[in-house]
$ cat entry33.txt   # compact mmCIF, C-alpha atoms
# COMPACT_ATOMS: atom_id res chain seq x y z
CA GLU G 1 112.46 126.19 71.57
CA ALA G 2 111.15 124.43 74.67
CA GLN G 3 112.29 126.33 77.71
CA VAL G 4 111.68 127.64 81.19
CA THR G 5 112.45 131.32 81.67
CA GLN G 6 112.95 133.23 84.88
CA ASN G 7 113.23 136.93 85.55
CA PRO G 8 115.17 138.61 86.87
CA ARG G 9 118.35 136.55 86.70
CA TYR G 10 120.01 138.63 89.40
CA LEU G 11 118.42 140.75 92.10
CA ILE G 12 119.77 142.65 95.07
CA THR G 13 117.17 144.03 97.42
CA VAL G 14 116.71 145.14 101.02
CA THR G 15 114.93 143.51 103.90
CA GLY G 16 111.18 143.91 103.80
CA LYS G 17 110.80 145.10 100.22
CA LYS G 18 108.30 142.87 98.44
CA LEU G 19 109.54 141.20 95.30
CA THR G 20 108.33 138.77 92.67
CA VAL G 21 110.39 136.40 90.57
CA THR G 22 108.57 135.36 87.44
CA CYS G 23 108.67 131.94 85.84
CA SER G 24 107.23 130.95 82.50
CA GLN G 25 107.27 127.74 80.48
CA ASN G 26 106.22 127.13 76.90
CA MET G 27 105.85 123.35 77.04
CA ASN G 28 102.25 123.24 78.29
CA HIS G 29 103.39 121.35 81.39
CA GLU G 30 100.91 120.98 84.20
CA TYR G 31 103.48 120.56 86.99
CA MET G 32 105.69 123.46 88.01
CA SER G 33 107.81 124.03 91.09
CA TRP G 34 110.26 126.35 92.78
CA TYR G 35 113.52 125.35 94.44
CA ARG G 36 116.20 127.14 96.32
CA GLN G 37 119.79 126.04 96.17
CA ASP G 38 122.20 126.75 99.00
CA PRO G 39 125.79 125.56 99.47
CA GLY G 40 125.91 122.19 101.16
CA LEU G 41 122.12 121.83 101.15
CA GLY G 42 121.45 121.00 97.51
CA LEU G 43 118.08 121.78 95.97
CA ARG G 44 115.14 122.16 98.30
CA GLN G 45 111.61 122.51 97.06
CA ILE G 46 109.72 125.62 98.13
CA TYR G 47 106.33 125.22 96.48
CA TYR G 48 104.87 123.23 93.68
CA SER G 49 101.77 123.31 91.52
CA MET G 50 100.14 120.34 89.88
CA ASN G 51 97.87 122.44 87.73
CA VAL G 52 96.19 125.82 87.41
CA GLU G 53 94.88 127.09 90.76
CA VAL G 54 96.45 124.12 92.58
CA THR G 55 99.51 124.85 94.71
CA ASP G 56 101.14 123.01 97.60
CA LYS G 57 103.96 123.57 100.04
CA GLY G 58 107.27 121.90 99.48
CA ASP G 59 109.97 121.39 102.08
CA VAL G 60 110.82 125.03 102.79
CA PRO G 61 107.74 127.20 102.10
CA GLU G 62 108.10 129.69 104.98
CA GLY G 63 108.39 133.27 103.76
CA TYR G 64 107.24 132.51 100.24
CA LYS G 65 104.01 132.61 98.28
CA VAL G 66 103.14 131.42 94.81
CA SER G 67 100.23 131.66 92.43
CA ARG G 68 99.18 129.67 89.41
CA LYS G 69 96.52 131.58 87.54
CA GLU G 70 97.58 130.28 84.15
CA LYS G 71 99.33 127.11 83.12
CA ARG G 72 102.44 128.75 81.72
CA ASN G 73 103.27 131.10 84.63
CA PHE G 74 104.24 130.34 88.22
CA PRO G 75 105.57 133.44 90.00
CA LEU G 76 107.38 133.26 93.34
CA ILE G 77 106.50 136.05 95.74
CA LEU G 78 108.50 137.20 98.74
CA GLU G 79 106.21 139.51 100.68
CA SER G 80 108.86 140.62 103.17
CA PRO G 81 112.27 139.28 102.18
CA SER G 82 114.86 138.59 104.85
CA PRO G 83 118.61 137.98 104.57
CA ASN G 84 118.14 134.23 105.12
CA GLN G 85 116.32 134.16 101.79
CA THR G 86 119.51 135.09 100.00
CA SER G 87 119.90 132.13 97.67
CA LEU G 88 119.85 130.81 94.14
CA TYR G 89 116.31 130.07 93.00
CA PHE G 90 115.23 127.70 90.26
CA CYS G 91 111.87 127.29 88.66
CA ALA G 92 111.09 123.97 87.00
CA SER G 93 108.30 122.45 84.98
CA SER G 94 107.78 118.82 84.23
CA LEU G 95 105.96 116.32 82.14
CA GLY G 96 105.89 113.13 84.14
CA THR G 97 109.35 112.63 85.61
CA MET G 98 111.15 114.78 83.02
CA GLN G 99 111.78 117.98 84.95
CA TYR G 100 113.17 121.02 83.10
CA PHE G 101 114.85 123.78 85.05
CA GLY G 102 115.08 127.46 84.37
CA PRO G 103 118.45 129.27 84.36
CA GLY G 104 118.15 130.44 87.96
CA THR G 105 117.69 133.72 89.82
CA ARG G 106 120.39 134.80 92.22
CA LEU G 107 118.77 136.82 94.99
CA THR G 108 120.62 138.80 97.61
CA VAL G 109 118.68 140.34 100.48
CA LEU G 110 120.62 142.96 102.42
CA GLY K 1 110.69 113.89 105.11
CA GLN K 2 112.53 111.58 102.77
CA GLN K 3 116.22 112.23 102.33
CA LEU K 4 118.85 111.12 99.89
CA ASN K 5 122.45 110.58 100.87
CA GLN K 6 124.72 111.36 97.96
CA SER K 7 128.42 110.63 97.99
CA PRO K 8 131.05 111.66 97.59
CA GLN K 9 130.45 115.33 98.26
CA SER K 10 133.29 116.31 95.93
CA MET K 11 135.83 114.69 93.67
CA PHE K 12 139.09 115.92 92.16
CA ILE K 13 140.27 113.73 89.32
CA GLN K 14 142.61 113.72 86.35
CA GLU K 15 141.34 113.81 82.81
CA GLY K 16 140.84 110.28 81.52
CA GLU K 17 139.92 108.77 84.88
CA ASP K 18 136.62 107.05 85.53
CA VAL K 19 134.25 108.49 88.12
CA SER K 20 131.63 106.85 90.29
CA MET K 21 129.09 108.47 92.59
CA ASN K 22 126.03 107.11 94.32
CA CYS K 23 122.87 107.91 96.19
CA THR K 24 121.13 105.96 98.88
CA SER K 25 117.78 106.39 100.52
CA SER K 26 116.07 104.97 103.57
CA SER K 27 112.87 104.64 101.57
CA ILE K 28 111.91 103.22 98.21
CA PHE K 29 111.73 105.27 95.05
CA ASN K 30 109.97 104.40 91.81
CA THR K 31 112.15 106.63 89.68
CA TRP K 32 115.74 107.76 89.91
CA LEU K 33 117.08 110.71 87.98
CA TRP K 34 120.57 112.09 87.53
CA TYR K 35 121.16 115.77 86.75
CA LYS K 36 124.22 117.85 85.96
CA GLN K 37 124.51 121.52 86.83
CA GLU K 38 127.17 123.69 85.24
CA PRO K 39 128.18 127.05 86.72
CA GLY K 40 125.51 129.70 86.19
CA GLU K 41 123.00 127.23 84.79
CA GLY K 42 120.07 125.21 86.00
CA PRO K 43 120.30 121.43 86.39
CA VAL K 44 119.98 119.43 83.19
CA LEU K 45 118.62 115.89 83.13
CA LEU K 46 121.23 113.30 82.17
CA ILE K 47 119.60 109.94 82.76
CA ALA K 48 116.23 108.70 84.00
CA LEU K 49 115.73 105.24 85.51
CA TYR K 50 112.31 103.68 85.95
CA LYS K 51 112.81 100.03 86.88
CA ALA K 52 114.70 98.29 89.65
CA GLY K 53 117.89 96.82 88.21
CA GLU K 54 117.75 99.02 85.12
CA LEU K 55 121.11 99.99 83.67
CA THR K 56 121.06 102.93 81.25
CA SER K 57 123.81 104.67 79.32
CA ASN K 58 124.08 108.10 77.80
CA GLY K 59 127.41 108.38 76.00
CA ARG K 60 130.15 108.03 78.59
CA LEU K 61 127.61 108.08 81.41
CA THR K 62 126.06 104.95 82.87
CA ALA K 63 123.54 104.86 85.68
CA GLN K 64 121.83 102.02 87.48
CA PHE K 65 118.63 101.76 89.50
CA GLY K 66 119.43 99.57 92.50
CA ILE K 67 117.61 96.28 92.96
CA THR K 68 116.35 97.34 96.39
CA ARG K 69 114.99 100.59 94.84
CA LYS K 70 116.80 102.46 97.59
CA ASP K 71 119.94 103.36 95.70
CA SER K 72 121.40 104.41 92.40
CA PHE K 73 124.84 105.08 91.02
CA LEU K 74 126.27 107.12 88.18
CA ASN K 75 129.53 106.30 86.42
CA ILE K 76 131.41 108.58 84.06
CA SER K 77 134.08 106.90 81.98
CA ALA K 78 137.19 108.57 80.58
CA SER K 79 136.42 111.96 82.10
CA ILE K 80 137.11 115.16 80.18
CA PRO K 81 137.35 118.77 81.39
CA SER K 82 133.78 119.58 80.31
CA ASP K 83 132.49 116.98 82.78
CA VAL K 84 133.12 119.56 85.49
CA GLY K 85 129.98 120.50 87.40
CA ILE K 86 127.68 119.43 90.18
CA TYR K 87 125.89 116.12 89.74
CA PHE K 88 122.61 115.59 91.54
CA CYS K 89 120.62 112.46 92.06
CA ALA K 90 116.89 112.76 92.54
CA GLY K 91 114.29 110.26 93.55
CA LEU K 92 110.57 110.16 92.97
CA ASP K 93 108.02 108.22 94.93
CA ASN K 94 104.93 108.31 92.75
CA GLN K 95 102.70 107.30 95.60
CA ALA K 96 103.80 110.32 97.58
CA GLY K 97 103.01 112.78 94.81
CA THR K 98 105.20 114.28 92.15
CA ALA K 99 107.80 116.07 94.25
CA LEU K 100 111.38 115.11 93.47
CA ILE K 101 113.74 114.58 96.40
CA PHE K 102 117.26 115.74 95.56
CA GLY K 103 120.60 114.65 96.91
CA LYS K 104 123.00 117.38 98.00
CA GLY K 105 125.17 116.96 94.96
CA THR K 106 128.64 115.76 94.02
CA THR K 107 130.99 118.47 92.80
CA LEU K 108 133.33 117.11 90.14
CA SER K 109 136.59 118.81 89.23
CA VAL K 110 138.69 117.49 86.35
CA SER K 111 142.26 118.58 85.79
CA SER K 112 143.89 118.18 82.40

$ encode --input "entry33.txt" --output "structure tokens"
Amino acid sequence: EAQVTQNPRYLITVTGKKLTVTCSQNMNHEYMSWYRQDPGLGLRQIYYSMNVEVTDKGDVPEGYKVSRKEKRNFPLILESPSPNQTSLYFCASSLGTMQYFGPGTRLTVL
Amino acid sequence: GQQLNQSPQSMFIQEGEDVSMNCTSSSIFNTWLWYKQEPGEGPVLLIALYKAGELTSNGRLTAQFGITRKDSFLNISASIPSDVGIYFCAGLDNQAGTALIFGKGTTLSVSS
């Protein structure tokens, strides 16, 4: 089954404790991206990657890092999480304009 | 950066009613997409539009790509309770890369 998976689905952590949210897709898509969704703000792109070893900043990249060492995986890294990064995060991969979203990771930073 | 204005922000309707929502942009897009997000899930693509003036249907859903390429609308006919969710428009300017620009969403509530 074609899908985008994210782990964990839910995470509660404390300020400053490094964390990684994994994202994996099995559709051999070159383009992958991360979004955060906040009430009243919709989906905002954090980072995207057009292919292996190619990553670029989206609209809200501050406080985040990504890596794309293999085509299928695109982890999101928060080196020092802060409470303003409490949000719902979505990974997506796409072939052309058809973008497929993962189920989301709800992150709470205390 | 580019922004999309999506309206209305929320809608409360009765089952059986038709629904209309739209997105406008100050800049031109080459592709318009409409997504639906249900609680606890990621957005799911409903309709993709690739040409100005294009009118596309998916069951009870109909979407149009505006002639000016700066707007799009989504209609839902004869709404049912499972239509509940957040509907997002998204635009893509191929010349600016492959990043989608999303509207802020329309939250639809349907009472039976």

$ closest_atom_pairs --input "entry33.txt" --of "chain G" --to "chain K" --cutoff "9 Å" --atoms "only C-alpha atoms" --output "Markdown table"
| residue | atom | partner | partner_atom | distance |
| --- | --- | --- | --- | --- |
| G:Tyr31 | CA | K:Thr98 | CA | 8.3 |
| G:Ser33 | CA | K:Ala99 | CA | 8.6 |
| G:Pro39 | CA | K:Lys104 | CA | 8.8 |
| G:Gly40 | CA | K:Lys104 | CA | 6.4 |
| G:Leu41 | CA | K:Lys104 | CA | 5.5 |
| G:Gly42 | CA | K:Lys104 | CA | 4.0 |
| G:Leu43 | CA | K:Phe102 | CA | 6.1 |
| G:Arg44 | CA | K:Phe102 | CA | 7.3 |
| G:Gln45 | CA | K:Ala99 | CA | 8.0 |
| G:Tyr48 | CA | K:Ala99 | CA | 7.8 |
| G:Met50 | CA | K:Thr98 | CA | 8.2 |
| G:Gly58 | CA | K:Ala99 | CA | 7.9 |
| G:Asp59 | CA | K:Gly1 | CA | 8.1 |
| G:Phe90 | CA | K:Gly42 | CA | 6.9 |
| G:Cys91 | CA | K:Gly42 | CA | 8.9 |
| G:Gly96 | CA | K:Thr98 | CA | 8.1 |
| G:Thr97 | CA | K:Thr31 | CA | 7.8 |
| G:Met98 | CA | K:Leu45 | CA | 7.6 |
| G:Gln99 | CA | K:Leu45 | CA | 7.4 |
| G:Tyr100 | CA | K:Val44 | CA | 7.0 |
| G:Phe101 | CA | K:Gly42 | CA | 5.5 |
| G:Gly102 | CA | K:Gly42 | CA | 5.7 |
| G:Pro103 | CA | K:Gly42 | CA | 4.7 |
| G:Gly104 | CA | K:Gly42 | CA | 5.9 |

$ residues_around --input "entry33.txt" --residues "G:Pro61" --least-positions-apart "3" --cutoff "8 Å" --atoms "only C-alpha atoms" --output "JSON, numbers by chain"
{"G": [45, 46, 47, 57, 58, 64, 65]}

$ atom_distance --input "entry33.txt" --atom1 "atom CA of G:Ala92" --atom2 "atom CA of K:Pro39"
17.4 Å

$ closest_residue --input "entry33.txt" --among "K:Ser25, K:Asn30, K:Ser20, K:Gln3" --to "K:Ser77" --atoms "all atoms listed in the file"
K:Ser20

$ atom_distance --input "entry33.txt" --atom1 "atom CA of K:Gly66" --atom2 "atom CA of K:Thr24"
9.2 Å

$ closest_residue --input "entry33.txt" --among "G:Gly63, G:Lys18, G:Ser94, G:Tyr89" --to "G:Ala2" --atoms "only C-alpha atoms"
G:Ser94

$ closest_residue --input "entry33.txt" --among "K:Gly85, K:Gly16, K:Pro8, K:Gly53" --to "K:Asp71" --atoms "all atoms listed in the file"
K:Gly53

$ atom_distance --input "entry33.txt" --atom1 "atom CA of G:Glu1" --atom2 "atom CA of G:Leu95"
15.9 Å

$ decode --input "entry33.txt" --residues "stretch 15-41 of chain K" --atoms "N, CA, C and O atoms" --output "PDB file, in the first residue's frame"
ATOM      1  N   GLU K  15     -27.638  19.055   6.796  1.00  0.00           N
ATOM      2  CA  GLU K  15     -27.500  17.979   5.829  1.00  0.00           C
ATOM      3  C   GLU K  15     -28.405  18.233   4.620  1.00  0.00           C
ATOM      4  O   GLU K  15     -29.560  18.646   4.774  1.00  0.00           O
ATOM      5  N   GLY K  16     -27.869  18.005   3.442  1.00  0.00           N
ATOM      6  CA  GLY K  16     -28.643  18.207   2.227  1.00  0.00           C
ATOM      7  C   GLY K  16     -28.377  19.548   1.539  1.00  0.00           C
ATOM      8  O   GLY K  16     -28.683  19.713   0.356  1.00  0.00           O
ATOM      9  N   GLU K  17     -27.809  20.480   2.286  1.00  0.00           N
ATOM     10  CA  GLU K  17     -27.511  21.788   1.690  1.00  0.00           C
ATOM     11  C   GLU K  17     -26.274  21.710   0.805  1.00  0.00           C
ATOM     12  O   GLU K  17     -25.409  20.836   0.960  1.00  0.00           O
ATOM     13  N   ASP K  18     -26.198  22.654  -0.133  1.00  0.00           N
ATOM     14  CA  ASP K  18     -25.000  22.782  -0.957  1.00  0.00           C
ATOM     15  C   ASP K  18     -24.025  23.743  -0.273  1.00  0.00           C
ATOM     16  O   ASP K  18     -24.426  24.638   0.473  1.00  0.00           O
ATOM     17  N   VAL K  19     -22.751  23.534  -0.542  1.00  0.00           N
ATOM     18  CA  VAL K  19     -21.694  24.319   0.098  1.00  0.00           C
ATOM     19  C   VAL K  19     -20.789  24.901  -0.980  1.00  0.00           C
ATOM     20  O   VAL K  19     -20.519  24.236  -1.990  1.00  0.00           O
ATOM     21  N   SER K  20     -20.331  26.109  -0.757  1.00  0.00           N
ATOM     22  CA  SER K  20     -19.371  26.708  -1.674  1.00  0.00           C
ATOM     23  C   SER K  20     -18.282  27.424  -0.892  1.00  0.00           C
ATOM     24  O   SER K  20     -18.570  28.143   0.064  1.00  0.00           O
ATOM     25  N   MET K  21     -17.053  27.208  -1.263  1.00  0.00           N
ATOM     26  CA  MET K  21     -15.928  27.892  -0.638  1.00  0.00           C
ATOM     27  C   MET K  21     -14.948  28.282  -1.731  1.00  0.00           C
ATOM     28  O   MET K  21     -14.957  27.692  -2.821  1.00  0.00           O
ATOM     29  N   ASN K  22     -14.125  29.293  -1.462  1.00  0.00           N
ATOM     30  CA  ASN K  22     -13.230  29.735  -2.514  1.00  0.00           C
ATOM     31  C   ASN K  22     -11.892  30.220  -1.979  1.00  0.00           C
ATOM     32  O   ASN K  22     -11.742  30.488  -0.779  1.00  0.00           O
ATOM     33  N   CYS K  23     -10.957  30.308  -2.897  1.00  0.00           N
ATOM     34  CA  CYS K  23      -9.627  30.807  -2.584  1.00  0.00           C
ATOM     35  C   CYS K  23      -9.224  31.833  -3.618  1.00  0.00           C
ATOM     36  O   CYS K  23      -9.493  31.650  -4.816  1.00  0.00           O
ATOM     37  N   THR K  24      -8.592  32.879  -3.159  1.00  0.00           N
ATOM     38  CA  THR K  24      -8.079  33.891  -4.065  1.00  0.00           C
ATOM     39  C   THR K  24      -6.624  34.175  -3.728  1.00  0.00           C
ATOM     40  O   THR K  24      -6.188  34.028  -2.585  1.00  0.00           O
ATOM     41  N   SER K  25      -5.914  34.603  -4.753  1.00  0.00           N
ATOM     42  CA  SER K  25      -4.495  34.889  -4.592  1.00  0.00           C
ATOM     43  C   SER K  25      -4.164  36.189  -5.298  1.00  0.00           C
ATOM     44  O   SER K  25      -4.825  36.568  -6.264  1.00  0.00           O
ATOM     45  N   SER K  26      -3.144  36.851  -4.821  1.00  0.00           N
ATOM     46  CA  SER K  26      -2.695  38.077  -5.498  1.00  0.00           C
ATOM     47  C   SER K  26      -1.777  37.743  -6.673  1.00  0.00           C
ATOM     48  O   SER K  26      -1.474  38.595  -7.497  1.00  0.00           O
ATOM     49  N   SER K  27      -1.329  36.493  -6.733  1.00  0.00           N
ATOM     50  CA  SER K  27      -0.448  36.095  -7.825  1.00  0.00           C
ATOM     51  C   SER K  27      -1.027  34.890  -8.553  1.00  0.00           C
ATOM     52  O   SER K  27      -1.966  34.254  -8.098  1.00  0.00           O
ATOM     53  N   ILE K  28      -0.456  34.605  -9.681  1.00  0.00           N
ATOM     54  CA  ILE K  28      -0.958  33.543 -10.554  1.00  0.00           C
ATOM     55  C   ILE K  28      -0.421  32.189 -10.135  1.00  0.00           C
ATOM     56  O   ILE K  28       0.744  32.057  -9.777  1.00  0.00           O
ATOM     57  N   PHE K  29      -1.285  31.192 -10.195  1.00  0.00           N
ATOM     58  CA  PHE K  29      -0.865  29.819  -9.971  1.00  0.00           C
ATOM     59  C   PHE K  29      -1.095  28.991 -11.226  1.00  0.00           C
ATOM     60  O   PHE K  29      -2.016  29.256 -11.994  1.00  0.00           O
ATOM     61  N   ASN K  30      -0.268  27.981 -11.408  1.00  0.00           N
ATOM     62  CA  ASN K  30      -0.420  27.075 -12.544  1.00  0.00           C
ATOM     63  C   ASN K  30      -1.243  25.849 -12.202  1.00  0.00           C
ATOM     64  O   ASN K  30      -1.701  25.128 -13.088  1.00  0.00           O
ATOM     65  N   THR K  31      -1.374  25.587 -10.922  1.00  0.00           N
ATOM     66  CA  THR K  31      -2.126  24.428 -10.455  1.00  0.00           C
ATOM     67  C   THR K  31      -2.872  24.816  -9.191  1.00  0.00           C
ATOM     68  O   THR K  31      -2.324  25.517  -8.343  1.00  0.00           O
ATOM     69  N   TRP K  32      -4.109  24.352  -9.110  1.00  0.00           N
ATOM     70  CA  TRP K  32      -4.876  24.510  -7.881  1.00  0.00           C
ATOM     71  C   TRP K  32      -5.274  23.125  -7.382  1.00  0.00           C
ATOM     72  O   TRP K  32      -5.671  22.265  -8.168  1.00  0.00           O
ATOM     73  N   LEU K  33      -5.159  22.949  -6.083  1.00  0.00           N
ATOM     74  CA  LEU K  33      -5.520  21.670  -5.477  1.00  0.00           C
ATOM     75  C   LEU K  33      -6.483  21.916  -4.325  1.00  0.00           C
ATOM     76  O   LEU K  33      -6.415  22.947  -3.653  1.00  0.00           O
ATOM     77  N   TRP K  34      -7.367  20.962  -4.116  1.00  0.00           N
ATOM     78  CA  TRP K  34      -8.267  21.018  -2.969  1.00  0.00           C
ATOM     79  C   TRP K  34      -8.085  19.748  -2.140  1.00  0.00           C
ATOM     80  O   TRP K  34      -8.107  18.632  -2.669  1.00  0.00           O
ATOM     81  N   TYR K  35      -7.890  19.957  -0.829  1.00  0.00           N
ATOM     82  CA  TYR K  35      -7.672  18.854   0.104  1.00  0.00           C
ATOM     83  C   TYR K  35      -8.764  18.869   1.171  1.00  0.00           C
ATOM     84  O   TYR K  35      -9.325  19.911   1.494  1.00  0.00           O
ATOM     85  N   LYS K  36      -8.999  17.681   1.738  1.00  0.00           N
ATOM     86  CA  LYS K  36      -9.880  17.570   2.899  1.00  0.00           C
ATOM     87  C   LYS K  36      -9.103  16.899   4.027  1.00  0.00           C
ATOM     88  O   LYS K  36      -8.401  15.901   3.799  1.00  0.00           O
ATOM     89  N   GLN K  37      -9.247  17.459   5.230  1.00  0.00           N
ATOM     90  CA  GLN K  37      -8.601  16.880   6.395  1.00  0.00           C
ATOM     91  C   GLN K  37      -9.662  16.513   7.419  1.00  0.00           C
ATOM     92  O   GLN K  37     -10.424  17.362   7.861  1.00  0.00           O
ATOM     93  N   GLU K  38      -9.692  15.249   7.778  1.00  0.00           N
ATOM     94  CA  GLU K  38     -10.606  14.799   8.825  1.00  0.00           C
ATOM     95  C   GLU K  38      -9.853  14.764  10.148  1.00  0.00           C
ATOM     96  O   GLU K  38      -8.622  14.693  10.169  1.00  0.00           O
ATOM     97  N   PRO K  39     -10.587  14.815  11.241  1.00  0.00           N
ATOM     98  CA  PRO K  39      -9.931  14.851  12.564  1.00  0.00           C
ATOM     99  C   PRO K  39      -8.942  13.702  12.748  1.00  0.00           C
ATOM    100  O   PRO K  39      -9.253  12.545  12.472  1.00  0.00           O
ATOM    101  N   GLY K  40      -7.730  14.048  13.193  1.00  0.00           N
ATOM    102  CA  GLY K  40      -6.724  13.031  13.461  1.00  0.00           C
ATOM    103  C   GLY K  40      -6.037  12.470  12.237  1.00  0.00           C
ATOM    104  O   GLY K  40      -5.262  11.512  12.345  1.00  0.00           O
ATOM    105  N   GLU K  41      -6.302  13.058  11.085  1.00  0.00           N
ATOM    106  CA  GLU K  41      -5.714  12.544   9.848  1.00  0.00           C
ATOM    107  C   GLU K  41      -4.944  13.646   9.126  1.00  0.00           C
ATOM    108  O   GLU K  41      -5.116  14.835   9.412  1.00  0.00           O
TER     109      GLU K  41
END
